[in-house]
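What follows is the content of final.cif, which has mmCIF, N, CA and C atoms:
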```cif
data_entry
#
loop_
_atom_site.label_atom_id
_atom_site.label_comp_id
_atom_site.auth_asym_id
_atom_site.auth_seq_id
_atom_site.Cartn_x
_atom_site.Cartn_y
_atom_site.Cartn_z
N MET A 1 5.22 48.63 148.68
CA MET A 1 5.59 48.68 150.09
C MET A 1 4.85 47.57 150.82
N SER A 2 5.40 47.18 151.94
CA SER A 2 4.79 46.11 152.72
C SER A 2 4.92 46.43 154.20
N ALA A 3 4.15 45.72 154.97
CA ALA A 3 4.20 45.88 156.41
C ALA A 3 4.39 44.49 157.03
N VAL A 4 4.73 44.45 158.30
CA VAL A 4 4.90 43.18 159.00
C VAL A 4 3.56 42.84 159.63
N LYS A 5 2.78 42.01 158.95
CA LYS A 5 1.43 41.69 159.40
C LYS A 5 1.40 40.97 160.74
N GLU A 6 2.50 40.28 161.08
CA GLU A 6 2.58 39.58 162.37
C GLU A 6 2.95 40.56 163.49
N LEU A 7 3.20 41.80 163.16
CA LEU A 7 3.66 42.88 164.04
C LEU A 7 5.13 42.73 164.43
N LEU A 8 5.59 41.50 164.68
CA LEU A 8 6.98 41.25 165.05
C LEU A 8 7.31 39.82 164.66
N ARG A 9 8.44 39.63 163.97
CA ARG A 9 8.82 38.27 163.57
C ARG A 9 10.34 38.14 163.52
N THR A 10 10.79 36.89 163.65
CA THR A 10 12.20 36.56 163.51
C THR A 10 12.43 36.09 162.09
N GLU A 11 13.45 36.63 161.45
CA GLU A 11 13.79 36.25 160.08
C GLU A 11 14.74 35.06 160.07
N VAL A 12 14.86 34.41 158.94
CA VAL A 12 15.72 33.24 158.78
C VAL A 12 17.17 33.55 159.16
N ASP A 13 17.63 34.78 158.88
CA ASP A 13 19.01 35.16 159.17
C ASP A 13 19.24 35.57 160.63
N GLY A 14 18.21 35.45 161.49
CA GLY A 14 18.34 35.77 162.91
C GLY A 14 18.02 37.21 163.26
N THR A 15 17.74 38.05 162.28
CA THR A 15 17.35 39.44 162.55
C THR A 15 15.86 39.48 162.89
N ILE A 16 15.36 40.66 163.28
CA ILE A 16 13.93 40.81 163.54
C ILE A 16 13.33 41.86 162.60
N SER A 17 12.06 41.68 162.31
CA SER A 17 11.29 42.64 161.53
C SER A 17 10.03 42.96 162.31
N PHE A 18 9.57 44.23 162.22
CA PHE A 18 8.41 44.64 163.01
C PHE A 18 7.76 45.88 162.40
N GLY A 19 6.51 46.12 162.79
CA GLY A 19 5.82 47.35 162.43
C GLY A 19 4.83 47.19 161.29
N ASP A 20 3.64 47.79 161.47
CA ASP A 20 2.62 47.80 160.43
C ASP A 20 2.00 49.18 160.38
N TYR A 21 2.51 50.03 159.50
CA TYR A 21 2.05 51.40 159.36
C TYR A 21 0.70 51.50 158.65
N GLU A 22 0.16 50.38 158.17
CA GLU A 22 -1.14 50.38 157.49
C GLU A 22 -2.31 50.28 158.45
N LEU A 23 -2.05 49.99 159.73
CA LEU A 23 -3.12 49.84 160.71
C LEU A 23 -3.73 51.18 161.08
N GLY A 24 -5.06 51.21 161.18
CA GLY A 24 -5.76 52.43 161.55
C GLY A 24 -5.84 52.65 163.04
N LYS A 25 -5.68 51.58 163.83
CA LYS A 25 -5.69 51.72 165.29
C LYS A 25 -4.50 51.00 165.88
N LYS A 26 -4.09 51.47 167.04
CA LYS A 26 -2.89 50.96 167.70
C LYS A 26 -3.03 49.46 168.00
N SER A 27 -2.00 48.71 167.64
CA SER A 27 -1.93 47.29 167.95
C SER A 27 -0.61 47.04 168.65
N LYS A 28 -0.59 46.02 169.51
CA LYS A 28 0.66 45.70 170.19
C LYS A 28 0.82 44.20 170.34
N LEU A 29 2.07 43.81 170.46
CA LEU A 29 2.44 42.42 170.70
C LEU A 29 3.49 42.45 171.79
N SER A 30 3.24 41.74 172.88
CA SER A 30 4.16 41.71 174.01
C SER A 30 4.73 40.32 174.20
N ASP A 31 5.78 40.24 174.99
CA ASP A 31 6.38 38.97 175.39
C ASP A 31 6.79 38.10 174.20
N TYR A 32 7.40 38.72 173.21
CA TYR A 32 7.93 37.99 172.06
C TYR A 32 9.39 37.66 172.35
N GLU A 33 9.71 36.38 172.42
CA GLU A 33 11.07 35.98 172.74
C GLU A 33 11.92 35.84 171.49
N HIS A 34 13.10 36.43 171.55
CA HIS A 34 14.07 36.35 170.45
C HIS A 34 15.47 36.33 171.04
N GLN A 35 16.19 35.25 170.83
CA GLN A 35 17.56 35.07 171.30
C GLN A 35 17.71 35.40 172.79
N GLY A 36 16.76 34.92 173.58
CA GLY A 36 16.82 35.08 175.03
C GLY A 36 16.33 36.42 175.56
N ASP A 37 15.92 37.33 174.68
CA ASP A 37 15.40 38.62 175.08
C ASP A 37 13.90 38.68 174.83
N MET A 38 13.21 39.54 175.58
CA MET A 38 11.77 39.72 175.41
C MET A 38 11.50 41.06 174.73
N TYR A 39 10.73 41.01 173.66
CA TYR A 39 10.42 42.21 172.87
C TYR A 39 8.95 42.56 172.97
N LYS A 40 8.68 43.85 172.77
CA LYS A 40 7.31 44.37 172.75
C LYS A 40 7.25 45.40 171.64
N VAL A 41 6.23 45.32 170.80
CA VAL A 41 6.06 46.29 169.73
C VAL A 41 4.67 46.90 169.83
N LYS A 42 4.60 48.21 169.59
CA LYS A 42 3.34 48.94 169.44
C LYS A 42 3.42 49.61 168.09
N THR A 43 2.37 49.48 167.28
CA THR A 43 2.45 50.03 165.94
C THR A 43 1.08 50.37 165.37
N PHE A 44 1.04 51.39 164.56
CA PHE A 44 -0.08 51.74 163.69
C PHE A 44 0.36 52.91 162.83
N SER A 45 -0.57 53.53 162.14
CA SER A 45 -0.20 54.55 161.16
C SER A 45 0.56 55.74 161.76
N GLU A 46 0.34 56.06 163.02
CA GLU A 46 0.94 57.25 163.62
C GLU A 46 2.29 57.03 164.29
N ILE A 47 2.57 55.80 164.73
CA ILE A 47 3.82 55.54 165.47
C ILE A 47 4.15 54.05 165.43
N THR A 48 5.42 53.74 165.44
CA THR A 48 5.91 52.38 165.64
C THR A 48 6.97 52.45 166.71
N LYS A 49 6.86 51.56 167.72
CA LYS A 49 7.79 51.59 168.84
C LYS A 49 8.18 50.16 169.22
N LEU A 50 9.47 49.93 169.46
CA LEU A 50 9.98 48.62 169.86
C LEU A 50 10.74 48.75 171.16
N GLU A 51 10.49 47.81 172.07
CA GLU A 51 11.22 47.73 173.33
C GLU A 51 11.83 46.34 173.46
N LYS A 52 12.98 46.28 174.12
CA LYS A 52 13.67 45.01 174.37
C LYS A 52 13.93 44.93 175.86
N ASN A 53 13.40 43.91 176.50
CA ASN A 53 13.54 43.72 177.95
C ASN A 53 13.10 44.97 178.71
N GLY A 54 12.05 45.62 178.24
CA GLY A 54 11.50 46.80 178.90
C GLY A 54 12.24 48.09 178.61
N THR A 55 13.25 48.04 177.74
CA THR A 55 14.05 49.22 177.42
C THR A 55 13.80 49.65 175.98
N PHE A 56 13.73 50.95 175.77
CA PHE A 56 13.51 51.53 174.45
C PHE A 56 14.57 51.07 173.45
N VAL A 57 14.14 50.74 172.20
CA VAL A 57 15.06 50.38 171.12
C VAL A 57 14.85 51.26 169.89
N TYR A 58 13.57 51.46 169.48
CA TYR A 58 13.27 52.12 168.21
C TYR A 58 11.91 52.81 168.31
N GLU A 59 11.81 53.99 167.66
CA GLU A 59 10.52 54.66 167.54
C GLU A 59 10.53 55.47 166.25
N SER A 60 9.40 55.43 165.54
CA SER A 60 9.26 56.28 164.35
C SER A 60 7.91 56.97 164.39
N VAL A 61 7.91 58.20 163.92
CA VAL A 61 6.69 58.99 163.76
C VAL A 61 6.73 59.55 162.36
N PRO A 62 5.76 59.22 161.51
CA PRO A 62 4.65 58.29 161.72
C PRO A 62 5.16 56.84 161.74
N GLY A 63 4.20 55.90 161.78
CA GLY A 63 4.53 54.49 161.84
C GLY A 63 5.30 54.02 160.61
N THR A 64 6.12 52.99 160.80
CA THR A 64 6.92 52.42 159.73
C THR A 64 6.91 50.90 159.84
N ALA A 65 7.52 50.26 158.88
CA ALA A 65 7.82 48.83 158.93
C ALA A 65 9.33 48.70 158.86
N VAL A 66 9.91 47.94 159.78
CA VAL A 66 11.36 47.77 159.87
C VAL A 66 11.68 46.31 159.57
N PHE A 67 12.67 46.11 158.71
CA PHE A 67 13.04 44.76 158.29
C PHE A 67 14.50 44.49 158.60
N ASN A 68 14.76 43.26 159.05
CA ASN A 68 16.13 42.77 159.26
C ASN A 68 16.96 43.64 160.19
N MET A 69 16.37 44.03 161.33
CA MET A 69 17.12 44.83 162.31
C MET A 69 18.15 43.95 163.00
N LEU A 70 19.37 44.46 163.02
CA LEU A 70 20.48 43.79 163.68
C LEU A 70 21.21 44.84 164.51
N GLN A 71 21.47 44.51 165.77
CA GLN A 71 22.16 45.47 166.64
C GLN A 71 23.20 44.74 167.46
N ASP A 72 24.40 45.31 167.50
CA ASP A 72 25.42 44.83 168.43
C ASP A 72 25.96 46.05 169.16
N GLY A 73 27.02 45.91 169.88
CA GLY A 73 27.51 47.01 170.70
C GLY A 73 27.93 48.25 169.94
N ASP A 74 28.40 48.09 168.71
CA ASP A 74 28.95 49.23 167.98
C ASP A 74 28.11 49.70 166.80
N GLN A 75 27.11 48.93 166.40
CA GLN A 75 26.33 49.35 165.24
C GLN A 75 24.92 48.78 165.25
N MET A 76 24.09 49.37 164.40
CA MET A 76 22.72 48.92 164.19
C MET A 76 22.45 49.05 162.70
N SER A 77 21.73 48.08 162.14
CA SER A 77 21.35 48.17 160.73
C SER A 77 19.94 47.64 160.55
N PHE A 78 19.23 48.21 159.58
CA PHE A 78 17.88 47.77 159.25
C PHE A 78 17.44 48.45 157.96
N SER A 79 16.35 47.94 157.42
CA SER A 79 15.69 48.56 156.28
C SER A 79 14.36 49.08 156.79
N VAL A 80 13.96 50.29 156.39
CA VAL A 80 12.73 50.88 156.88
C VAL A 80 11.86 51.34 155.72
N GLU A 81 10.55 51.11 155.84
CA GLU A 81 9.58 51.53 154.84
C GLU A 81 8.45 52.28 155.52
N GLY A 82 7.83 53.17 154.77
CA GLY A 82 6.67 53.89 155.26
C GLY A 82 6.09 54.74 154.15
N PRO A 83 4.87 55.21 154.33
CA PRO A 83 4.20 55.97 153.28
C PRO A 83 4.70 57.40 153.13
N GLU A 84 5.41 57.91 154.14
CA GLU A 84 5.90 59.29 154.11
C GLU A 84 7.16 59.41 154.95
N ASP A 85 7.83 60.55 154.86
CA ASP A 85 9.06 60.78 155.62
C ASP A 85 8.81 60.52 157.10
N ALA A 86 9.82 60.00 157.79
CA ALA A 86 9.66 59.65 159.20
C ALA A 86 10.81 60.19 160.04
N GLN A 87 10.48 60.55 161.27
CA GLN A 87 11.47 60.90 162.29
C GLN A 87 11.72 59.61 163.07
N ILE A 88 12.96 59.16 163.08
CA ILE A 88 13.32 57.88 163.71
C ILE A 88 14.25 58.16 164.89
N THR A 89 13.97 57.50 166.00
CA THR A 89 14.81 57.59 167.19
C THR A 89 15.20 56.17 167.59
N VAL A 90 16.49 55.95 167.84
CA VAL A 90 16.97 54.65 168.27
C VAL A 90 17.79 54.80 169.54
N GLU A 91 17.92 53.71 170.25
CA GLU A 91 18.72 53.69 171.49
C GLU A 91 20.08 53.09 171.18
N MET A 92 21.12 53.85 171.44
CA MET A 92 22.49 53.39 171.27
C MET A 92 23.21 53.63 172.60
N GLU A 93 24.52 53.59 172.60
CA GLU A 93 25.30 53.85 173.81
C GLU A 93 25.27 55.34 174.12
N GLY A 94 25.12 55.68 175.38
CA GLY A 94 25.04 57.08 175.79
C GLY A 94 26.32 57.86 175.59
N ASP A 95 26.18 59.15 175.27
CA ASP A 95 27.29 60.09 175.14
C ASP A 95 28.39 59.56 174.21
N THR A 96 27.95 59.06 173.04
CA THR A 96 28.86 58.44 172.07
C THR A 96 28.55 58.99 170.68
N GLU A 97 29.59 59.11 169.84
CA GLU A 97 29.39 59.61 168.49
C GLU A 97 29.18 58.46 167.51
N TYR A 98 28.19 58.64 166.63
CA TYR A 98 27.86 57.64 165.61
C TYR A 98 27.78 58.31 164.25
N GLU A 99 28.08 57.53 163.20
CA GLU A 99 27.86 57.99 161.84
C GLU A 99 26.65 57.25 161.29
N ILE A 100 25.76 58.00 160.65
CA ILE A 100 24.53 57.43 160.11
C ILE A 100 24.65 57.35 158.59
N PHE A 101 24.34 56.18 158.04
CA PHE A 101 24.35 55.97 156.60
C PHE A 101 22.93 55.63 156.15
N LEU A 102 22.45 56.33 155.12
CA LEU A 102 21.15 56.05 154.52
C LEU A 102 21.39 55.66 153.06
N ASN A 103 20.99 54.44 152.73
CA ASN A 103 21.24 53.88 151.39
C ASN A 103 22.71 53.98 151.01
N GLY A 104 23.59 53.73 151.96
CA GLY A 104 25.02 53.69 151.72
C GLY A 104 25.73 55.03 151.76
N ALA A 105 24.99 56.13 151.74
CA ALA A 105 25.60 57.47 151.76
C ALA A 105 25.55 58.03 153.18
N THR A 106 26.60 58.69 153.58
CA THR A 106 26.62 59.24 154.93
C THR A 106 25.59 60.36 155.08
N ALA A 107 24.90 60.33 156.20
CA ALA A 107 23.95 61.39 156.52
C ALA A 107 24.53 62.26 157.63
N GLY A 108 25.77 61.99 157.99
CA GLY A 108 26.45 62.79 158.99
C GLY A 108 26.72 62.04 160.28
N ARG A 109 27.42 62.73 161.16
CA ARG A 109 27.74 62.18 162.48
C ARG A 109 26.89 62.88 163.52
N MET A 110 26.51 62.10 164.53
CA MET A 110 25.71 62.65 165.63
C MET A 110 26.18 62.03 166.92
N LYS A 111 26.08 62.80 167.98
CA LYS A 111 26.42 62.30 169.30
C LYS A 111 25.13 62.04 170.07
N THR A 112 25.06 60.89 170.72
CA THR A 112 23.88 60.57 171.52
C THR A 112 23.89 61.40 172.80
N ASN A 113 22.70 61.56 173.38
CA ASN A 113 22.62 62.21 174.68
C ASN A 113 23.05 61.21 175.75
N LEU A 114 23.00 61.59 176.99
CA LEU A 114 23.43 60.68 178.07
C LEU A 114 22.59 59.42 178.12
N GLY A 115 21.32 59.52 177.70
CA GLY A 115 20.44 58.36 177.70
C GLY A 115 20.64 57.46 176.49
N GLY A 116 21.43 57.90 175.50
CA GLY A 116 21.72 57.07 174.34
C GLY A 116 20.79 57.26 173.16
N LYS A 117 19.92 58.26 173.21
CA LYS A 117 18.97 58.47 172.13
C LYS A 117 19.64 59.15 170.93
N LEU A 118 19.33 58.65 169.75
CA LEU A 118 19.86 59.16 168.50
C LEU A 118 18.69 59.34 167.55
N SER A 119 18.45 60.56 167.07
CA SER A 119 17.30 60.85 166.21
C SER A 119 17.75 61.36 164.85
N PHE A 120 17.05 60.92 163.81
CA PHE A 120 17.33 61.36 162.45
C PHE A 120 16.07 61.20 161.61
N SER A 121 16.06 61.84 160.46
CA SER A 121 14.93 61.75 159.53
C SER A 121 15.29 60.87 158.37
N ALA A 122 14.28 60.16 157.84
CA ALA A 122 14.46 59.33 156.65
C ALA A 122 13.38 59.69 155.65
N GLU A 123 13.79 59.93 154.42
CA GLU A 123 12.85 60.23 153.34
C GLU A 123 12.30 58.92 152.80
N LEU A 124 11.07 58.62 153.19
CA LEU A 124 10.44 57.37 152.80
C LEU A 124 9.40 57.62 151.72
N GLY A 125 8.83 56.57 151.20
CA GLY A 125 7.80 56.70 150.17
C GLY A 125 7.79 55.48 149.28
N GLU A 126 8.32 55.62 148.08
CA GLU A 126 8.25 54.55 147.09
C GLU A 126 9.08 53.32 147.42
N THR A 127 10.25 53.50 148.00
CA THR A 127 11.15 52.37 148.24
C THR A 127 11.67 52.38 149.67
N ALA A 128 12.21 51.24 150.09
CA ALA A 128 12.78 51.12 151.42
C ALA A 128 14.10 51.89 151.50
N VAL A 129 14.44 52.33 152.69
CA VAL A 129 15.71 53.00 152.95
C VAL A 129 16.55 52.06 153.82
N GLN A 130 17.78 51.82 153.40
CA GLN A 130 18.71 51.01 154.17
C GLN A 130 19.42 51.93 155.17
N VAL A 131 19.34 51.58 156.45
CA VAL A 131 19.94 52.40 157.51
C VAL A 131 21.07 51.61 158.17
N ARG A 132 22.20 52.27 158.36
CA ARG A 132 23.32 51.68 159.09
C ARG A 132 23.86 52.77 160.00
N ILE A 133 23.99 52.43 161.27
CA ILE A 133 24.51 53.37 162.26
C ILE A 133 25.75 52.74 162.85
N GLU A 134 26.89 53.42 162.74
CA GLU A 134 28.17 52.87 163.21
C GLU A 134 28.81 53.78 164.24
N LYS A 135 29.34 53.19 165.28
CA LYS A 135 30.07 53.93 166.31
C LYS A 135 31.35 54.48 165.72
N VAL A 136 31.65 55.75 166.00
CA VAL A 136 32.87 56.38 165.54
C VAL A 136 33.94 56.17 166.60
N ASN A 137 35.05 55.59 166.20
CA ASN A 137 36.13 55.31 167.17
C ASN A 137 37.14 56.42 167.21
#
```

Would you mind giving the structure from this file in structure tokens?
Amino acid sequence: MSAVKELLRTEVDGTISFGDYELGKKSKLSDYEHQGDMYKVKTFSEITKLEKNGTFVYESVPGTAVFNMLQDGDQMSFSVEGPEDAQITVEMEGDTEYEIFLNGATAGRMKTNLGGKLSFSAELGETAVQVRIEKVN
């Protein structure tokens, strides 16, 4: 397993990676510019949280490392690693139904609340979990 030692970075393919669950104390990086947006990450062993332009994007309890996050209007995808199972919350479109895929298999459909929050669990440990969230039309 690995963590993002820079706390937040832009990958060659234009996606972002963030989070270091190996840290014993909370660390943060603010004002990180990526494709015209400003990002802020807070991370350590207990929690990882990402904000974009001051708005919530991602949170995991306990902390995780997220790789190659890509988000557009209808979907979000990323790979997530951590030492133990995590509760993950992401911000999507409010009052909308999404299907969640973990390692290519459906984990079911969920509807976001009015604020757009979508929460699910991921069984982490030895290997990364590939997450894909797609809007149901």

| request: Please provide as a PyMOL selection string all residues within 9 Å of range 118-130 of chain A, with the sequence filter that same-chain residues fewer than 3 positions apart are discarded (counting only C-alpha atoms). | output: chain A and resi 1+77-92+98+100-104+107+110-113

| Output check: residues returned by the PyMOL selection byres ((chain A and resi 46) around 6.5), as a PyMOL selection string | chain A and resi 21+43-45+47-48+60-63

| task | Within range 12-114 of chain A, find each residue whose DSSP state, derived from the backbone, is strand (DSSP E or B), and express the selection as a ChimeraX atom specification. | result | /A:16-18,27-34,37-44,47-52,55-61,65-71,75-81,86-91,97-102,105-111

| remark: One residue among A:Leu23, A:Ile16, A:Ala105, A:Leu29 is nearest to Asn68 in chain A when using only N, CA and C atoms, and that residue is A:Ile16

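Across A:Val12, A:Gln71, A:Glu93, A:Val136, the tightest approach to Lys117 in chain A is made by A:Glu93 when counting all atoms listed in the file.
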
| query | For the atom pair atom N of Ala65 in chain A and atom C of Asp95 in chain A, what is the interatomic distance in Å to one decimal place? | reply |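 Taking atom N of Ala65 in chain A and atom C of Asp95 in chain A, their separation equals 27.5 Å.
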
| For the atom pair atom C of Thr55 in chain A and CA of Asp13 in chain A, what is the interatomic distance in Å to one decimal place? |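 Computed distance, atom C of Thr55 in chain A to CA of Asp13 in chain A, equals 22.8 Å.
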
Final N, CA, C and O atoms of range 97-122 of chain A as a PDB file, in the coordinates of the input:
```
ATOM      1  N   GLU A  97      29.590  59.110 169.840  1.00  0.00           N
ATOM      2  CA  GLU A  97      29.390  59.610 168.490  1.00  0.00           C
ATOM      3  C   GLU A  97      29.180  58.460 167.510  1.00  0.00           C
ATOM      4  O   GLU A  97      29.888  57.448 167.561  1.00  0.00           O
ATOM      5  N   TYR A  98      28.190  58.640 166.630  1.00  0.00           N
ATOM      6  CA  TYR A  98      27.860  57.640 165.610  1.00  0.00           C
ATOM      7  C   TYR A  98      27.780  58.310 164.250  1.00  0.00           C
ATOM      8  O   TYR A  98      27.427  59.484 164.145  1.00  0.00           O
ATOM      9  N   GLU A  99      28.080  57.530 163.200  1.00  0.00           N
ATOM     10  CA  GLU A  99      27.860  57.990 161.840  1.00  0.00           C
ATOM     11  C   GLU A  99      26.650  57.250 161.290  1.00  0.00           C
ATOM     12  O   GLU A  99      26.523  56.034 161.474  1.00  0.00           O
ATOM     13  N   ILE A 100      25.760  58.000 160.650  1.00  0.00           N
ATOM     14  CA  ILE A 100      24.530  57.430 160.110  1.00  0.00           C
ATOM     15  C   ILE A 100      24.650  57.350 158.590  1.00  0.00           C
ATOM     16  O   ILE A 100      25.025  58.325 157.940  1.00  0.00           O
ATOM     17  N   PHE A 101      24.340  56.180 158.040  1.00  0.00           N
ATOM     18  CA  PHE A 101      24.350  55.970 156.600  1.00  0.00           C
ATOM     19  C   PHE A 101      22.930  55.630 156.150  1.00  0.00           C
ATOM     20  O   PHE A 101      22.277  54.769 156.735  1.00  0.00           O
ATOM     21  N   LEU A 102      22.450  56.330 155.120  1.00  0.00           N
ATOM     22  CA  LEU A 102      21.150  56.050 154.520  1.00  0.00           C
ATOM     23  C   LEU A 102      21.390  55.660 153.060  1.00  0.00           C
ATOM     24  O   LEU A 102      21.962  56.430 152.301  1.00  0.00           O
ATOM     25  N   ASN A 103      20.990  54.440 152.730  1.00  0.00           N
ATOM     26  CA  ASN A 103      21.240  53.880 151.390  1.00  0.00           C
ATOM     27  C   ASN A 103      22.710  53.980 151.010  1.00  0.00           C
ATOM     28  O   ASN A 103      23.068  54.295 149.877  1.00  0.00           O
ATOM     29  N   GLY A 104      23.590  53.730 151.960  1.00  0.00           N
ATOM     30  CA  GLY A 104      25.020  53.690 151.720  1.00  0.00           C
ATOM     31  C   GLY A 104      25.730  55.030 151.760  1.00  0.00           C
ATOM     32  O   GLY A 104      26.954  55.085 151.793  1.00  0.00           O
ATOM     33  N   ALA A 105      24.990  56.130 151.740  1.00  0.00           N
ATOM     34  CA  ALA A 105      25.600  57.470 151.760  1.00  0.00           C
ATOM     35  C   ALA A 105      25.550  58.030 153.180  1.00  0.00           C
ATOM     36  O   ALA A 105      24.555  57.861 153.888  1.00  0.00           O
ATOM     37  N   THR A 106      26.600  58.690 153.580  1.00  0.00           N
ATOM     38  CA  THR A 106      26.620  59.240 154.930  1.00  0.00           C
ATOM     39  C   THR A 106      25.590  60.360 155.080  1.00  0.00           C
ATOM     40  O   THR A 106      25.444  61.207 154.202  1.00  0.00           O
ATOM     41  N   ALA A 107      24.900  60.330 156.200  1.00  0.00           N
ATOM     42  CA  ALA A 107      23.950  61.390 156.520  1.00  0.00           C
ATOM     43  C   ALA A 107      24.530  62.260 157.630  1.00  0.00           C
ATOM     44  O   ALA A 107      23.842  63.134 158.164  1.00  0.00           O
ATOM     45  N   GLY A 108      25.770  61.990 157.990  1.00  0.00           N
ATOM     46  CA  GLY A 108      26.450  62.790 158.990  1.00  0.00           C
ATOM     47  C   GLY A 108      26.720  62.040 160.280  1.00  0.00           C
ATOM     48  O   GLY A 108      26.324  60.895 160.452  1.00  0.00           O
ATOM     49  N   ARG A 109      27.420  62.730 161.160  1.00  0.00           N
ATOM     50  CA  ARG A 109      27.740  62.180 162.480  1.00  0.00           C
ATOM     51  C   ARG A 109      26.890  62.880 163.520  1.00  0.00           C
ATOM     52  O   ARG A 109      26.621  64.073 163.421  1.00  0.00           O
ATOM     53  N   MET A 110      26.510  62.100 164.530  1.00  0.00           N
ATOM     54  CA  MET A 110      25.710  62.650 165.630  1.00  0.00           C
ATOM     55  C   MET A 110      26.180  62.030 166.920  1.00  0.00           C
ATOM     56  O   MET A 110      26.593  60.865 166.954  1.00  0.00           O
ATOM     57  N   LYS A 111      26.080  62.800 167.980  1.00  0.00           N
ATOM     58  CA  LYS A 111      26.420  62.300 169.300  1.00  0.00           C
ATOM     59  C   LYS A 111      25.130  62.040 170.070  1.00  0.00           C
ATOM     60  O   LYS A 111      24.218  62.874 170.049  1.00  0.00           O
ATOM     61  N   THR A 112      25.060  60.890 170.720  1.00  0.00           N
ATOM     62  CA  THR A 112      23.880  60.570 171.520  1.00  0.00           C
ATOM     63  C   THR A 112      23.890  61.400 172.800  1.00  0.00           C
ATOM     64  O   THR A 112      24.941  61.858 173.249  1.00  0.00           O
ATOM     65  N   ASN A 113      22.700  61.560 173.380  1.00  0.00           N
ATOM     66  CA  ASN A 113      22.620  62.210 174.680  1.00  0.00           C
ATOM     67  C   ASN A 113      23.050  61.210 175.750  1.00  0.00           C
ATOM     68  O   ASN A 113      23.424  60.074 175.440  1.00  0.00           O
ATOM     69  N   LEU A 114      23.000  61.590 176.990  1.00  0.00           N
ATOM     70  CA  LEU A 114      23.430  60.680 178.070  1.00  0.00           C
ATOM     71  C   LEU A 114      22.590  59.420 178.120  1.00  0.00           C
ATOM     72  O   LEU A 114      23.060  58.366 178.523  1.00  0.00           O
ATOM     73  N   GLY A 115      21.320  59.520 177.700  1.00  0.00           N
ATOM     74  CA  GLY A 115      20.440  58.360 177.700  1.00  0.00           C
ATOM     75  C   GLY A 115      20.640  57.460 176.490  1.00  0.00           C
ATOM     76  O   GLY A 115      20.084  56.371 176.425  1.00  0.00           O
ATOM     77  N   GLY A 116      21.430  57.900 175.500  1.00  0.00           N
ATOM     78  CA  GLY A 116      21.720  57.070 174.340  1.00  0.00           C
ATOM     79  C   GLY A 116      20.790  57.260 173.160  1.00  0.00           C
ATOM     80  O   GLY A 116      20.866  56.525 172.178  1.00  0.00           O
ATOM     81  N   LYS A 117      19.920  58.260 173.210  1.00  0.00           N
ATOM     82  CA  LYS A 117      18.970  58.470 172.130  1.00  0.00           C
ATOM     83  C   LYS A 117      19.640  59.150 170.930  1.00  0.00           C
ATOM     84  O   LYS A 117      20.414  60.095 171.084  1.00  0.00           O
ATOM     85  N   LEU A 118      19.330  58.650 169.750  1.00  0.00           N
ATOM     86  CA  LEU A 118      19.860  59.160 168.500  1.00  0.00           C
ATOM     87  C   LEU A 118      18.690  59.340 167.550  1.00  0.00           C
ATOM     88  O   LEU A 118      17.964  58.380 167.281  1.00  0.00           O
ATOM     89  N   SER A 119      18.450  60.560 167.070  1.00  0.00           N
ATOM     90  CA  SER A 119      17.300  60.850 166.210  1.00  0.00           C
ATOM     91  C   SER A 119      17.750  61.360 164.850  1.00  0.00           C
ATOM     92  O   SER A 119      18.701  62.137 164.762  1.00  0.00           O
ATOM     93  N   PHE A 120      17.050  60.920 163.810  1.00  0.00           N
ATOM     94  CA  PHE A 120      17.330  61.360 162.450  1.00  0.00           C
ATOM     95  C   PHE A 120      16.070  61.200 161.610  1.00  0.00           C
ATOM     96  O   PHE A 120      15.121  60.536 162.008  1.00  0.00           O
ATOM     97  N   SER A 121      16.060  61.840 160.460  1.00  0.00           N
ATOM     98  CA  SER A 121      14.930  61.750 159.530  1.00  0.00           C
ATOM     99  C   SER A 121      15.290  60.870 158.370  1.00  0.00           C
ATOM    100  O   SER A 121      16.444  60.819 157.936  1.00  0.00           O
ATOM    101  N   ALA A 122      14.280  60.160 157.840  1.00  0.00           N
ATOM    102  CA  ALA A 122      14.460  59.330 156.650  1.00  0.00           C
ATOM    103  C   ALA A 122      13.380  59.690 155.650  1.00  0.00           C
ATOM    104  O   ALA A 122      12.197  59.769 156.010  1.00  0.00           O
TER     105      ALA A 122
END
```
